[in-house]
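Peer 1: What follows is upload.cif, mmCIF, C-alpha atoms.
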data_input
loop_
_atom_site.label_atom_id
_atom_site.label_comp_id
_atom_site.auth_asym_id
_atom_site.auth_seq_id
_atom_site.Cartn_x
_atom_site.Cartn_y
_atom_site.Cartn_z
CA MET A 794 21.16 34.71 17.98
CA PRO A 795 18.29 37.14 17.24
CA ILE A 796 17.12 37.09 13.62
CA LEU A 797 15.03 39.66 11.84
CA VAL A 798 12.36 37.90 9.76
CA LEU A 799 10.68 39.80 6.92
CA ASP A 800 7.71 38.33 5.11
CA ILE A 801 7.21 40.57 2.10
CA GLY A 802 3.79 40.64 0.51
CA GLY A 803 1.81 42.70 -1.97
CA SER A 804 -0.08 44.58 0.75
CA ASN A 805 2.37 44.58 3.68
CA VAL A 806 5.67 43.42 5.09
CA LYS A 807 5.41 41.42 8.28
CA LEU A 808 8.42 41.93 10.47
CA ARG A 809 9.49 40.12 13.61
CA LEU A 810 12.60 39.67 15.67
CA THR A 811 12.97 36.11 16.86
CA GLY A 812 12.71 35.68 20.61
CA GLN A 813 9.85 38.21 20.79
CA ASN A 814 6.82 35.96 20.66
CA GLY A 815 3.83 37.37 18.88
CA ARG A 816 5.11 40.89 18.44
CA THR A 817 4.79 41.22 14.68
CA LYS A 818 4.86 44.63 13.03
CA LYS A 819 3.17 45.31 9.71
CA ILE A 820 4.50 47.87 7.26
CA PRO A 821 2.24 48.68 4.29
CA THR A 822 3.58 47.96 0.78
CA GLY A 823 1.87 48.20 -2.61
CA PRO A 824 2.46 48.24 -6.36
CA ASP A 825 5.04 51.06 -6.12
CA TYR A 826 6.98 49.71 -3.13
CA THR A 827 10.75 49.57 -3.75
CA PRO A 828 13.59 47.82 -1.91
CA LYS A 829 15.05 51.19 -0.88
CA ARG A 830 11.80 51.99 0.93
CA LEU A 831 11.93 48.56 2.55
CA ILE A 832 15.43 49.24 3.89
CA ALA A 833 14.37 52.64 5.27
CA ASP A 834 11.15 51.24 6.79
CA VAL A 835 12.99 48.34 8.41
CA ARG A 836 15.68 50.66 9.81
CA ALA A 837 12.98 52.79 11.40
CA ALA A 838 11.03 49.81 12.73
CA THR A 839 14.07 48.14 14.30
CA LYS A 840 15.77 51.20 15.75
CA GLY A 841 17.70 50.26 18.86
CA LYS A 842 17.11 46.52 18.31
CA LYS A 843 19.95 44.07 17.78
CA PHE A 844 19.90 41.24 15.28
CA ASP A 845 22.61 39.11 13.69
CA GLY A 846 20.96 38.07 10.45
CA VAL A 847 17.95 38.71 8.24
CA SER A 848 15.54 36.18 6.68
CA ILE A 849 13.55 37.51 3.75
CA GLY A 850 10.55 35.71 2.28
CA PHE A 851 9.96 37.19 -1.16
CA PRO A 852 6.82 36.88 -3.34
CA GLY A 853 8.53 35.60 -6.49
CA PRO A 854 11.21 33.18 -7.68
CA VAL A 855 14.58 33.24 -5.90
CA ILE A 856 17.46 31.62 -7.77
CA ASP A 857 20.87 31.08 -6.12
CA GLY A 858 19.96 33.55 -3.38
CA ARG A 859 19.14 36.37 -5.83
CA LEU A 860 16.00 37.78 -7.39
CA PRO A 861 16.11 37.15 -11.15
CA PHE A 862 12.87 39.01 -11.97
CA GLU A 863 10.92 42.06 -10.87
CA PRO A 864 7.91 40.98 -8.76
CA GLN A 865 4.35 41.30 -10.03
CA ASN A 866 2.78 43.08 -7.04
CA LEU A 867 5.53 45.50 -5.95
CA GLY A 868 7.47 48.41 -7.41
CA PRO A 869 10.73 48.34 -9.42
CA GLY A 870 14.33 47.74 -8.33
CA TRP A 871 14.01 44.28 -6.74
CA ALA A 872 15.70 42.19 -9.45
CA GLY A 873 19.35 41.76 -8.43
CA PHE A 874 19.00 44.01 -5.36
CA ARG A 875 21.87 43.44 -2.91
CA PHE A 876 20.12 42.98 0.44
CA LYS A 877 23.24 41.90 2.29
CA LYS A 878 25.04 45.11 1.39
CA ALA A 879 22.00 47.24 2.21
CA PHE A 880 21.41 45.65 5.62
CA GLY A 881 25.10 45.23 6.47
CA LYS A 882 24.23 41.77 7.88
CA PRO A 883 24.09 38.18 6.62
CA VAL A 884 20.85 37.70 4.68
CA LYS A 885 18.96 34.55 3.72
CA LEU A 886 16.62 35.23 0.84
CA ILE A 887 13.97 32.64 -0.01
CA ASN A 888 10.65 32.46 -1.83
CA ASP A 889 7.85 33.47 0.57
CA ALA A 890 5.83 30.28 0.12
CA ALA A 891 9.01 28.24 0.70
CA MET A 892 9.63 30.15 3.95
CA GLN A 893 6.08 29.45 5.13
CA ALA A 894 6.42 25.79 4.13
CA LEU A 895 9.61 25.56 6.17
CA GLY A 896 7.72 26.79 9.20
CA ALA A 897 4.94 24.26 8.66
CA TYR A 898 7.10 21.22 7.90
CA GLU A 899 7.04 18.15 10.14
CA GLY A 900 8.66 15.50 7.90
CA GLY A 901 8.08 13.33 4.83
CA ARG A 902 6.76 14.78 1.57
CA MET A 903 4.70 17.92 2.16
CA LEU A 904 2.93 20.04 -0.43
CA PHE A 905 2.40 23.60 0.73
CA LEU A 906 -0.06 26.09 -0.77
CA SER A 907 -0.34 29.72 0.28
CA LEU A 908 -3.67 31.40 -0.39
CA GLY A 909 -2.63 35.05 -0.33
CA THR A 910 -2.76 37.88 -2.84
CA GLY A 911 -1.45 35.27 -5.29
CA LEU A 912 -1.19 31.50 -5.03
CA GLY A 913 2.17 30.48 -3.55
CA SER A 914 3.48 26.92 -3.50
CA ALA A 915 6.37 24.76 -2.37
CA LEU A 916 7.21 21.11 -1.99
CA ILE A 917 9.40 19.78 0.82
CA VAL A 918 10.78 16.27 0.45
CA ASP A 919 12.90 14.96 3.32
CA PHE A 920 13.94 18.47 4.44
CA HIS A 921 14.74 19.59 0.89
CA VAL A 922 12.69 22.73 0.18
CA ILE A 923 11.66 23.21 -3.46
CA ALA A 924 9.90 26.46 -4.31
CA LEU A 925 7.34 26.07 -7.09
CA GLU A 926 5.12 28.38 -9.12
CA LEU A 927 2.03 26.19 -9.36
CA CYS A 928 -0.04 29.36 -9.86
CA ASN A 929 0.92 28.90 -13.53
CA LEU A 930 -0.72 25.49 -13.88
CA ARG A 931 -3.65 25.23 -16.18
CA TRP A 932 -7.26 25.31 -15.01
CA SER A 933 -8.70 25.59 -18.52
CA LYS A 934 -7.61 26.93 -21.88
CA GLN A 935 -8.15 30.51 -20.70
CA GLN A 936 -7.47 30.28 -16.98
CA SER A 937 -4.66 29.38 -14.64
CA LEU A 938 -4.88 27.88 -11.16
CA GLU A 939 -4.15 31.31 -9.71
CA ASP A 940 -7.09 32.83 -11.60
CA ARG A 941 -9.47 30.39 -9.93
CA VAL A 942 -7.89 29.86 -6.51
CA GLY A 943 -6.09 33.15 -5.73
CA LYS A 944 -7.56 35.76 -3.38
CA ASP A 945 -9.05 37.79 -6.24
CA ALA A 946 -11.21 34.77 -7.07
CA ILE A 947 -13.01 35.17 -3.73
CA MET A 948 -14.32 38.53 -4.92
CA SER A 949 -14.96 37.62 -8.53
CA LEU A 950 -16.50 34.15 -8.03
CA GLY A 951 -17.96 34.36 -4.56
CA ILE A 952 -16.64 32.52 -1.54
CA GLU A 953 -18.52 29.26 -2.12
CA GLN A 954 -17.28 28.76 -5.67
CA TRP A 955 -13.79 29.78 -4.55
CA GLU A 956 -13.82 27.18 -1.78
CA GLU A 957 -15.04 24.54 -4.25
CA ASN A 958 -12.15 25.49 -6.57
CA VAL A 959 -9.64 25.14 -3.73
CA ARG A 960 -11.06 21.68 -3.06
CA ILE A 961 -10.72 20.66 -6.72
CA ALA A 962 -7.19 22.07 -6.92
CA VAL A 963 -6.01 20.32 -3.75
CA LYS A 964 -7.46 17.01 -4.94
CA MET A 965 -5.65 17.33 -8.28
CA LEU A 966 -2.34 18.38 -6.72
CA ARG A 967 -2.48 15.51 -4.25
CA LYS A 968 -2.69 13.07 -7.16
CA ALA A 969 0.12 14.82 -9.03
CA PHE A 970 2.58 15.24 -6.12
CA LEU A 971 1.71 12.25 -3.88
CA PRO A 972 2.41 14.16 -0.65
CA ASP A 973 2.15 12.64 2.82
CA THR A 974 0.60 15.91 3.99
CA VAL A 975 -0.86 19.04 2.45
CA ALA A 976 -0.50 22.32 4.35
CA ILE A 977 -2.46 25.43 3.45
CA GLY A 978 -1.39 28.83 4.73
CA GLY A 979 -1.61 32.46 3.67
CA GLY A 980 -4.04 35.17 4.62
CA ALA A 981 -7.04 33.63 2.85
CA ALA A 982 -6.69 30.16 4.43
CA SER A 983 -8.85 31.32 7.33
CA HIS A 984 -11.76 31.90 4.90
CA LEU A 985 -12.09 28.17 4.15
CA LYS A 986 -15.16 26.83 5.92
CA HIS A 987 -14.39 23.13 5.55
CA VAL A 988 -10.87 21.78 5.68
CA PRO A 989 -10.40 18.04 5.10
CA LYS A 990 -8.81 16.44 8.14
CA TRP A 991 -5.73 15.45 6.13
CA VAL A 992 -5.03 19.13 5.35
CA ARG A 993 -3.17 21.22 7.91
CA ARG A 994 -4.31 24.82 7.97
CA GLY A 995 -1.92 27.49 9.20
CA ASP A 996 -1.52 31.22 9.32
CA ASN A 997 1.19 33.82 8.97
CA SER A 998 3.05 32.49 12.01
CA TRP A 999 4.43 29.74 9.74
CA ALA A 1000 6.37 32.36 7.78
CA LEU A 1001 8.02 33.67 10.91
CA ALA A 1002 8.79 30.17 12.18
CA GLY A 1003 10.28 29.34 8.77
CA GLY A 1004 12.44 32.46 8.80
CA GLU A 1005 13.88 31.38 12.12
CA ARG A 1006 14.41 27.77 11.02
CA LEU A 1007 16.56 28.98 8.10
CA TRP A 1008 19.23 29.77 10.72
CA THR A 1009 18.58 27.18 13.41
CA GLU A 1010 17.55 23.95 11.66
CA LYS A 1011 20.55 22.48 9.87
CA ARG A 1012 18.70 19.59 8.23
CA PHE A 1013 17.01 21.80 5.62
CA ARG A 1014 18.35 22.26 2.10
CA TYR A 1015 16.81 25.01 0.00
CA MET B 433 29.49 -5.32 -10.19
CA PRO B 434 27.02 -6.39 -12.92
CA ILE B 435 23.48 -5.14 -12.38
CA LEU B 436 20.32 -6.39 -14.04
CA VAL B 437 18.19 -3.42 -15.11
CA LEU B 438 14.48 -3.95 -15.80
CA ASP B 439 12.39 -1.19 -17.31
CA ILE B 440 8.82 -2.41 -16.95
CA GLY B 441 6.22 -0.95 -19.29
CA GLY B 442 2.68 -1.61 -20.42
CA SER B 443 3.80 -3.31 -23.66
CA ASN B 444 7.19 -4.80 -22.76
CA VAL B 445 9.94 -5.17 -20.19
CA LYS B 446 13.34 -3.95 -21.33
CA LEU B 447 16.11 -5.93 -19.76
CA ARG B 448 19.84 -5.33 -19.74
CA LEU B 449 22.85 -6.45 -17.79
CA THR B 450 25.25 -3.57 -17.18
CA GLY B 451 28.58 -3.95 -18.91
CA GLN B 452 26.90 -5.34 -22.05
CA ASN B 453 26.54 -2.21 -24.19
CA GLY B 454 23.48 -2.09 -26.36
CA ARG B 455 22.31 -5.65 -25.82
CA THR B 456 18.80 -5.00 -24.59
CA LYS B 457 16.21 -7.77 -24.57
CA LYS B 458 12.50 -7.09 -24.78
CA ILE B 459 9.93 -9.32 -23.13
CA PRO B 460 6.28 -8.64 -24.03
CA THR B 461 3.91 -7.64 -21.20
CA GLY B 462 0.26 -6.52 -21.32
CA PRO B 463 -2.84 -5.94 -19.20
CA ASP B 464 -2.71 -9.44 -17.67
CA TYR B 465 1.04 -9.51 -16.93
CA THR B 466 1.83 -10.54 -13.34
CA PRO B 467 5.00 -10.28 -11.23
CA LYS B 468 5.25 -14.09 -11.15
CA ARG B 469 5.46 -14.14 -14.93
CA LEU B 470 8.09 -11.40 -14.75
CA ILE B 471 10.22 -13.50 -12.41
CA ALA B 472 9.92 -16.57 -14.67
CA ASP B 473 10.64 -14.55 -17.84
CA VAL B 474 13.66 -12.86 -16.27
CA ARG B 475 15.02 -16.21 -15.02
CA ALA B 476 14.77 -17.61 -18.53
CA ALA B 477 16.29 -14.52 -20.16
CA THR B 478 19.27 -14.38 -17.77
CA LYS B 479 20.05 -18.08 -17.57
CA GLY B 480 23.78 -18.57 -17.00
CA LYS B 481 24.35 -14.83 -16.44
CA LYS B 482 25.69 -13.42 -13.20
CA PHE B 483 24.47 -10.25 -11.57
CA ASP B 484 24.72 -8.86 -8.04
CA GLY B 485 21.67 -6.63 -7.90
CA VAL B 486 18.49 -5.71 -9.74
CA SER B 487 17.16 -2.23 -10.62
CA ILE B 488 13.47 -2.13 -11.42
CA GLY B 489 11.77 0.87 -13.04
CA PHE B 490 8.06 0.48 -12.41
CA PRO B 491 5.17 2.31 -14.17
CA GLY B 492 3.44 3.61 -11.03
CA PRO B 493 4.12 5.19 -7.65
CA VAL B 494 6.80 3.60 -5.46
CA ILE B 495 6.72 4.52 -1.77
CA ASP B 496 9.49 3.48 0.62
CA GLY B 497 10.74 0.91 -1.88
CA ARG B 498 7.36 -0.81 -2.18
CA LEU B 499 4.43 -0.70 -4.59
CA PRO B 500 1.40 0.67 -2.74
CA PHE B 501 -1.05 0.26 -5.66
CA GLU B 502 -1.79 -2.13 -8.49
CA PRO B 503 -0.59 -0.60 -11.80
CA GLN B 504 -3.03 0.61 -14.45
CA ASN B 505 -1.55 -1.16 -17.50
CA LEU B 506 -0.48 -4.54 -16.10
CA GLY B 507 -2.10 -7.54 -14.40
CA PRO B 508 -2.71 -8.13 -10.67
CA GLY B 509 -0.32 -9.04 -7.85
CA TRP B 510 2.13 -6.13 -8.05
CA ALA B 511 1.05 -4.18 -4.94
CA GLY B 512 3.31 -5.24 -2.08
CA PHE B 513 5.13 -7.86 -4.19
CA ARG B 514 8.45 -8.86 -2.61
CA PHE B 515 10.93 -8.60 -5.45
CA LYS B 516 13.99 -9.08 -3.26
CA LYS B 517 12.72 -12.40 -2.00
CA ALA B 518 11.68 -13.51 -5.50
CA PHE B 519 15.03 -12.64 -7.11
CA GLY B 520 17.16 -13.68 -4.14
CA LYS B 521 19.27 -10.54 -4.74
CA PRO B 522 19.33 -6.93 -3.55
CA VAL B 523 16.69 -4.97 -5.46
CA LYS B 524 16.29 -1.24 -6.01
CA LEU B 525 12.74 -0.41 -6.99
CA ILE B 526 11.97 3.04 -8.38
CA ASN B 527 9.31 4.72 -10.48
CA ASP B 528 10.12 4.21 -14.18
CA ALA B 529 10.13 7.92 -15.05
CA ALA B 530 12.40 8.58 -12.08
CA MET B 531 14.82 5.91 -13.33
CA GLN B 532 14.89 7.49 -16.80
CA ALA B 533 15.36 10.92 -15.26
CA LEU B 534 18.31 9.60 -13.27
CA GLY B 535 19.93 8.44 -16.49
CA ALA B 536 19.37 11.83 -18.14
CA TYR B 537 20.46 14.05 -15.24
CA GLU B 538 23.44 16.37 -15.57
CA GLY B 539 22.93 18.76 -12.63
CA GLY B 540 20.78 21.62 -11.34
CA ARG B 541 16.99 21.46 -11.43
CA MET B 542 15.73 19.16 -14.18
CA LEU B 543 12.14 18.40 -15.10
CA PHE B 544 11.75 15.06 -16.86
CA LEU B 545 8.77 13.94 -18.92
CA SER B 546 8.37 10.50 -20.42
CA LEU B 547 6.07 10.23 -23.43
CA GLY B 548 5.24 6.54 -23.35
CA THR B 549 2.03 4.56 -23.04
CA GLY B 550 1.23 7.04 -20.25
CA LEU B 551 2.82 10.34 -19.31
CA GLY B 552 5.61 9.81 -16.76
CA SER B 553 7.30 12.59 -14.85
CA ALA B 554 10.00 13.34 -12.30
CA LEU B 555 11.86 16.31 -10.92
CA ILE B 556 15.51 16.16 -9.91
CA VAL B 557 16.86 18.99 -7.76
CA ASP B 558 20.54 18.82 -6.80
CA PHE B 559 20.68 15.01 -7.17
CA HIS B 560 17.45 14.50 -5.21
CA VAL B 561 15.07 12.49 -7.40
CA ILE B 562 11.37 13.20 -6.86
CA ALA B 563 8.92 11.02 -8.77
CA LEU B 564 5.74 12.87 -9.74
CA GLU B 565 2.42 11.96 -11.33
CA LEU B 566 1.89 15.07 -13.45
CA CYS B 567 -0.31 12.98 -15.76
CA ASN B 568 -3.06 13.89 -13.26
CA LEU B 569 -2.76 17.63 -13.79
CA ARG B 570 -5.69 19.38 -15.33
CA TRP B 571 -5.92 20.28 -19.01
CA SER B 572 -9.58 21.28 -18.84
CA LYS B 573 -12.63 20.41 -16.76
CA GLN B 574 -12.97 17.08 -18.55
CA GLN B 575 -9.39 16.23 -19.47
CA SER B 576 -6.07 15.57 -17.79
CA LEU B 577 -2.59 16.26 -19.12
CA GLU B 578 -2.23 12.56 -19.88
CA ASP B 579 -5.40 12.57 -21.99
CA ARG B 580 -3.91 15.25 -24.25
CA VAL B 581 -0.19 14.43 -24.21
CA GLY B 582 -0.01 10.63 -23.69
CA LYS B 583 0.65 8.23 -26.54
CA ASP B 584 -3.05 7.52 -27.10
CA ALA B 585 -3.48 11.19 -27.97
CA ILE B 586 -1.31 10.69 -31.06
CA MET B 587 -3.94 8.33 -32.46
CA SER B 588 -7.01 10.18 -31.27
CA LEU B 589 -5.93 13.76 -32.05
CA GLY B 590 -3.45 13.33 -34.87
CA ILE B 591 0.28 13.87 -34.59
CA GLU B 592 0.23 17.62 -35.25
CA GLN B 593 -2.30 18.43 -32.54
CA TRP B 594 -0.44 16.08 -30.19
CA GLU B 595 2.84 17.85 -30.81
CA GLU B 596 1.15 21.22 -30.24
CA ASN B 597 -0.22 19.89 -26.93
CA VAL B 598 3.24 18.72 -25.87
CA ARG B 599 4.53 22.22 -26.63
CA ILE B 600 1.78 23.86 -24.54
CA ALA B 601 2.32 21.41 -21.68
CA VAL B 602 6.09 21.91 -21.60
CA LYS B 603 5.69 25.69 -21.64
CA MET B 604 3.26 25.53 -18.71
CA LEU B 605 5.38 23.10 -16.70
CA ARG B 606 8.47 25.23 -17.22
CA LYS B 607 6.69 28.19 -15.62
CA ALA B 608 5.40 26.04 -12.75
CA PHE B 609 8.66 24.17 -11.94
CA LEU B 610 11.35 26.70 -12.97
CA PRO B 611 13.76 24.00 -14.16
CA ASP B 612 17.24 24.70 -15.53
CA THR B 613 16.61 21.99 -18.10
CA VAL B 614 13.71 19.96 -19.44
CA ALA B 615 14.39 16.41 -20.65
CA ILE B 616 11.88 14.42 -22.67
CA GLY B 617 12.22 10.67 -23.04
CA GLY B 618 10.00 7.67 -23.59
CA GLY B 619 9.06 5.80 -26.73
CA ALA B 620 7.02 8.63 -28.28
CA ALA B 621 9.70 11.32 -27.86
CA SER B 622 11.11 10.36 -31.25
CA HIS B 623 7.80 11.37 -32.90
CA LEU B 624 8.30 15.05 -32.03
CA LYS B 625 9.28 16.93 -35.19
CA HIS B 626 10.46 20.12 -33.54
CA VAL B 627 12.23 20.13 -30.19
CA PRO B 628 13.13 23.53 -28.69
CA LYS B 629 16.89 23.77 -28.24
CA TRP B 630 16.51 24.08 -24.46
CA VAL B 631 14.82 20.65 -24.34
CA ARG B 632 16.98 17.53 -24.25
CA ARG B 633 15.43 14.61 -26.08
CA GLY B 634 16.39 11.09 -25.10
CA ASP B 635 15.37 7.51 -25.62
CA ASN B 636 15.10 4.29 -23.68
CA SER B 637 18.85 4.20 -23.04
CA TRP B 638 18.26 6.75 -20.26
CA ALA B 639 16.30 4.13 -18.30
CA LEU B 640 19.17 1.67 -18.48
CA ALA B 641 21.74 4.34 -17.58
CA GLY B 642 19.53 5.35 -14.64
CA GLY B 643 19.23 1.76 -13.44
CA GLU B 644 23.02 1.51 -13.35
CA ARG B 645 23.45 4.88 -11.61
CA LEU B 646 21.22 3.68 -8.76
CA TRP B 647 24.15 1.50 -7.71
CA THR B 648 27.17 3.47 -8.83
CA GLU B 649 26.37 7.16 -8.28
CA LYS B 650 26.30 7.87 -4.56
CA ARG B 651 25.21 11.51 -4.85
CA PHE B 652 21.62 10.63 -5.72
CA ARG B 653 18.82 10.54 -3.15
CA TYR B 654 15.52 9.02 -4.21
#
Render the structure in this file as structure tokens.
Peer 2:
Amino acid sequence: MPILVLDIGGSNVKLRLTGQNGRTKKIPTGPDYTPKRLIADVRAATKGKKFDGVSIGFPGPVIDGRLPFEPQNLGPGWAGFRFKKAFGKPVKLINDAAMQALGAYEGGRMLFLSLGTGLGSALIVDFHVIALELCNLRWSKQQSLEDRVGKDAIMSLGIEQWEENVRIAVKMLRKAFLPDTVAIGGGAASHLKHVPKWVRRGDNSWALAGGERLWTEKRFRY
Amino acid sequence: MPILVLDIGGSNVKLRLTGQNGRTKKIPTGPDYTPKRLIADVRAATKGKKFDGVSIGFPGPVIDGRLPFEPQNLGPGWAGFRFKKAFGKPVKLINDAAMQALGAYEGGRMLFLSLGTGLGSALIVDFHVIALELCNLRWSKQQSLEDRVGKDAIMSLGIEQWEENVRIAVKMLRKAFLPDTVAIGGGAASHLKHVPKWVRRGDNSWALAGGERLWTEKRFRY
């Protein structure tokens, strides 16, 4: 059963049909990108291709399979958008960090952090996927975890201070969530020079693996 | 099936046999309290009473039904202690905040905070109970959430500043965990003057209800 996996981000959508190893297309997005443009772009990119379902990883909270809020880094029209109707196919909509976490998961209690445009996060406990918004945790009175660990912090603080902040954040979150493993993905994960051996570092392939697992791996709850 | 419920804390153990509404005994504990003394105290307190199982809410992490660490506020000997052997009965051992959360739970995604000697926490998502240690989250470079929201903070900061800190912490945790409900229990919950209407405030009866539900409510995973 071929599945179309979409990993929507603030700078591009990554798109892959399962069964086509490594062939990922990127479609640019941005702060004015709407769901109607997504539908048109995906139609064009998948012309002549067959797929039976769509997995969408979305950069924001997903509640009961719907988007309750407009996203921070995209255009308007996303809240409440009916993807299933627009695609004419079954759709599984999930938070983007949760989709990546699903792709990374190997068992037990895993904390997942995505170092992308923002800071994504999810916890998986015994195949139960729980999307979180740990970006909103406090770093100090003025600053959030996202302010100090997100991708923008690389530019504003310099890469060494940013890496030190990631280290501090991971140490704190390990104490707070007691995970068996910590996995770090997202586009900026590759910038980390030193990764403790108990941290698993991944890349965007986790998102695509997670999108496929939504349909094939029955043990997951999300 | 009568169950003995023990809610172990840094100043006392609360003890109740299910089926005996409201009759809770308190046994004093303290920084030198050992599991051997617990067993002796419980034997004395339950002399002539019948029970078929024991629920233990413990103030520290519980992993795979065992205590991996010595607790902060009690004496030595707890890590790895074999409660089942000592009681000669089936024992369910769970983090104390998780046990309270279980007693408070009504469905959906619930974040539970216990304002006791320390700051306890748990998340329940669709009957899956996940004990957390959010006490270790950061308030500032020098201070943790527990430093500013735990019971000691009432004395050191004054009750008004403490209540303001609880308000800030709950607001932050709501954004980070996206719960349908927030429940606040523990001995210090009663000191809060103003509780937002979307927060449920409880008391120690949640711990005893949770201890019973461990045996009677099959939907829970923990």
Peer 1: Could you list, as an NGL selection string, every residue matched by the PyMOL selection byres ((chain B) within 8 of (chain A)) in this structure?
Peer 2: :B and (557 or 562 or 564-573 or 604-605 or 607-610)
Peer 1: For the file shown, what are the residues hit by the PyMOL selection byres ((chain B and resi 508-514) around 8), laid out as a short mmCIF file (atom, residue, chain, number, x, y, z; two decimals) with C-alpha atoms, in the frame of the given file?
Peer 2:
data_model
loop_
_atom_site.label_atom_id
_atom_site.label_comp_id
_atom_site.auth_asym_id
_atom_site.auth_seq_id
_atom_site.Cartn_x
_atom_site.Cartn_y
_atom_site.Cartn_z
CA ASP B 464 -2.71 -9.44 -17.67
CA TYR B 465 1.04 -9.51 -16.93
CA THR B 466 1.83 -10.54 -13.34
CA PRO B 467 5.00 -10.28 -11.23
CA ARG B 498 7.36 -0.81 -2.18
CA LEU B 499 4.43 -0.70 -4.59
CA PRO B 500 1.40 0.67 -2.74
CA PHE B 501 -1.05 0.26 -5.66
CA GLU B 502 -1.79 -2.13 -8.49
CA PRO B 503 -0.59 -0.60 -11.80
CA LEU B 506 -0.48 -4.54 -16.10
CA GLY B 507 -2.10 -7.54 -14.40
CA PHE B 515 10.93 -8.60 -5.45
CA LYS B 516 13.99 -9.08 -3.26
CA LYS B 517 12.72 -12.40 -2.00
CA ALA B 518 11.68 -13.51 -5.50
#
Peer 1: In Å, with one decimal, what is the gap from atom CA of A:Met903 to atom CA of B:Phe490?
Peer 2: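 Separation of atom CA of A:Met903 and atom CA of B:Phe490: 23.0 Å.
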Peer 1: Decode the PyMOL selection byres ((chain B and resi 585) around 12) for the given file into explicit residues and return them as an MDAnalysis selection string.
Peer 2: chainID B and resid 547:551 575:584 586:598 620
Peer 1: Calculated over all atoms listed in the file, which of the candidates A:Glu1005, A:Asp834, A:Asp857, A:Glu1010 has the smallest distance to A:Asn805?
Peer 2: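 Checking each of A:Glu1005, A:Asp834, A:Asp857, A:Glu1010 against A:Asn805, counting all atoms listed in the file, the winner is A:Asp834.
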Peer 1: Could you work out an axis-aligned bounding box for all listed atoms of stretch 853-865 of chain A, with 8 Å added on each of the six sides, and give its centre and edge lengths in Å to one decimal, as JSON?
Peer 2:
{"center_x": 12.6, "center_y": 36.6, "center_z": -7.7, "size_x": 32.5, "size_y": 27.0, "size_z": 24.6}
Peer 1: Pick out the closest residue to B:Lys458 from this set: B:Ala536, B:Val627, B:Ile616, B:Ile440. Count only C-alpha atoms.
Peer 2: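 Comparing B:Ala536, B:Val627, B:Ile616, B:Ile440 against B:Lys458, the winner is B:Ile440.
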Peer 1: Extract, using all atoms listed in the file, all DNA, RNA and protein residues at most 7 Å from A:Asp845, discarding same-chain residues fewer than 4 positions from it, and format them as a PyMOL selection string.
Peer 2: chain A and resi 794-796+882
Peer 1: Atom CA of B:Glu538 and atom CA of B:Phe559, how far apart in Å?
Peer 2: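 About the pair atom CA of B:Phe559 and atom CA of B:Glu538: they are 8.9 Å apart.
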Peer 1: Scan for residues within 6 Å of the point (11.9, -1.2, -3.3) in the coordinates of the file, using only C-alpha atoms, and reply as number ranges by chain.
Peer 2: B: 497-498, 524-525
Peer 1: Take the residues that were just selected and, keeping C-alpha atoms, output them as a JSON list (two decimals), in the coordinates of the input.
Peer 2:
[["chain", "number", "residue", "atom", "x", "y", "z"],
["B", 497, "GLY", "CA", 10.74, 0.91, -1.88],
["B", 498, "ARG", "CA", 7.36, -0.81, -2.18],
["B", 524, "LYS", "CA", 16.29, -1.24, -6.01],
["B", 525, "LEU", "CA", 12.74, -0.41, -6.99]]
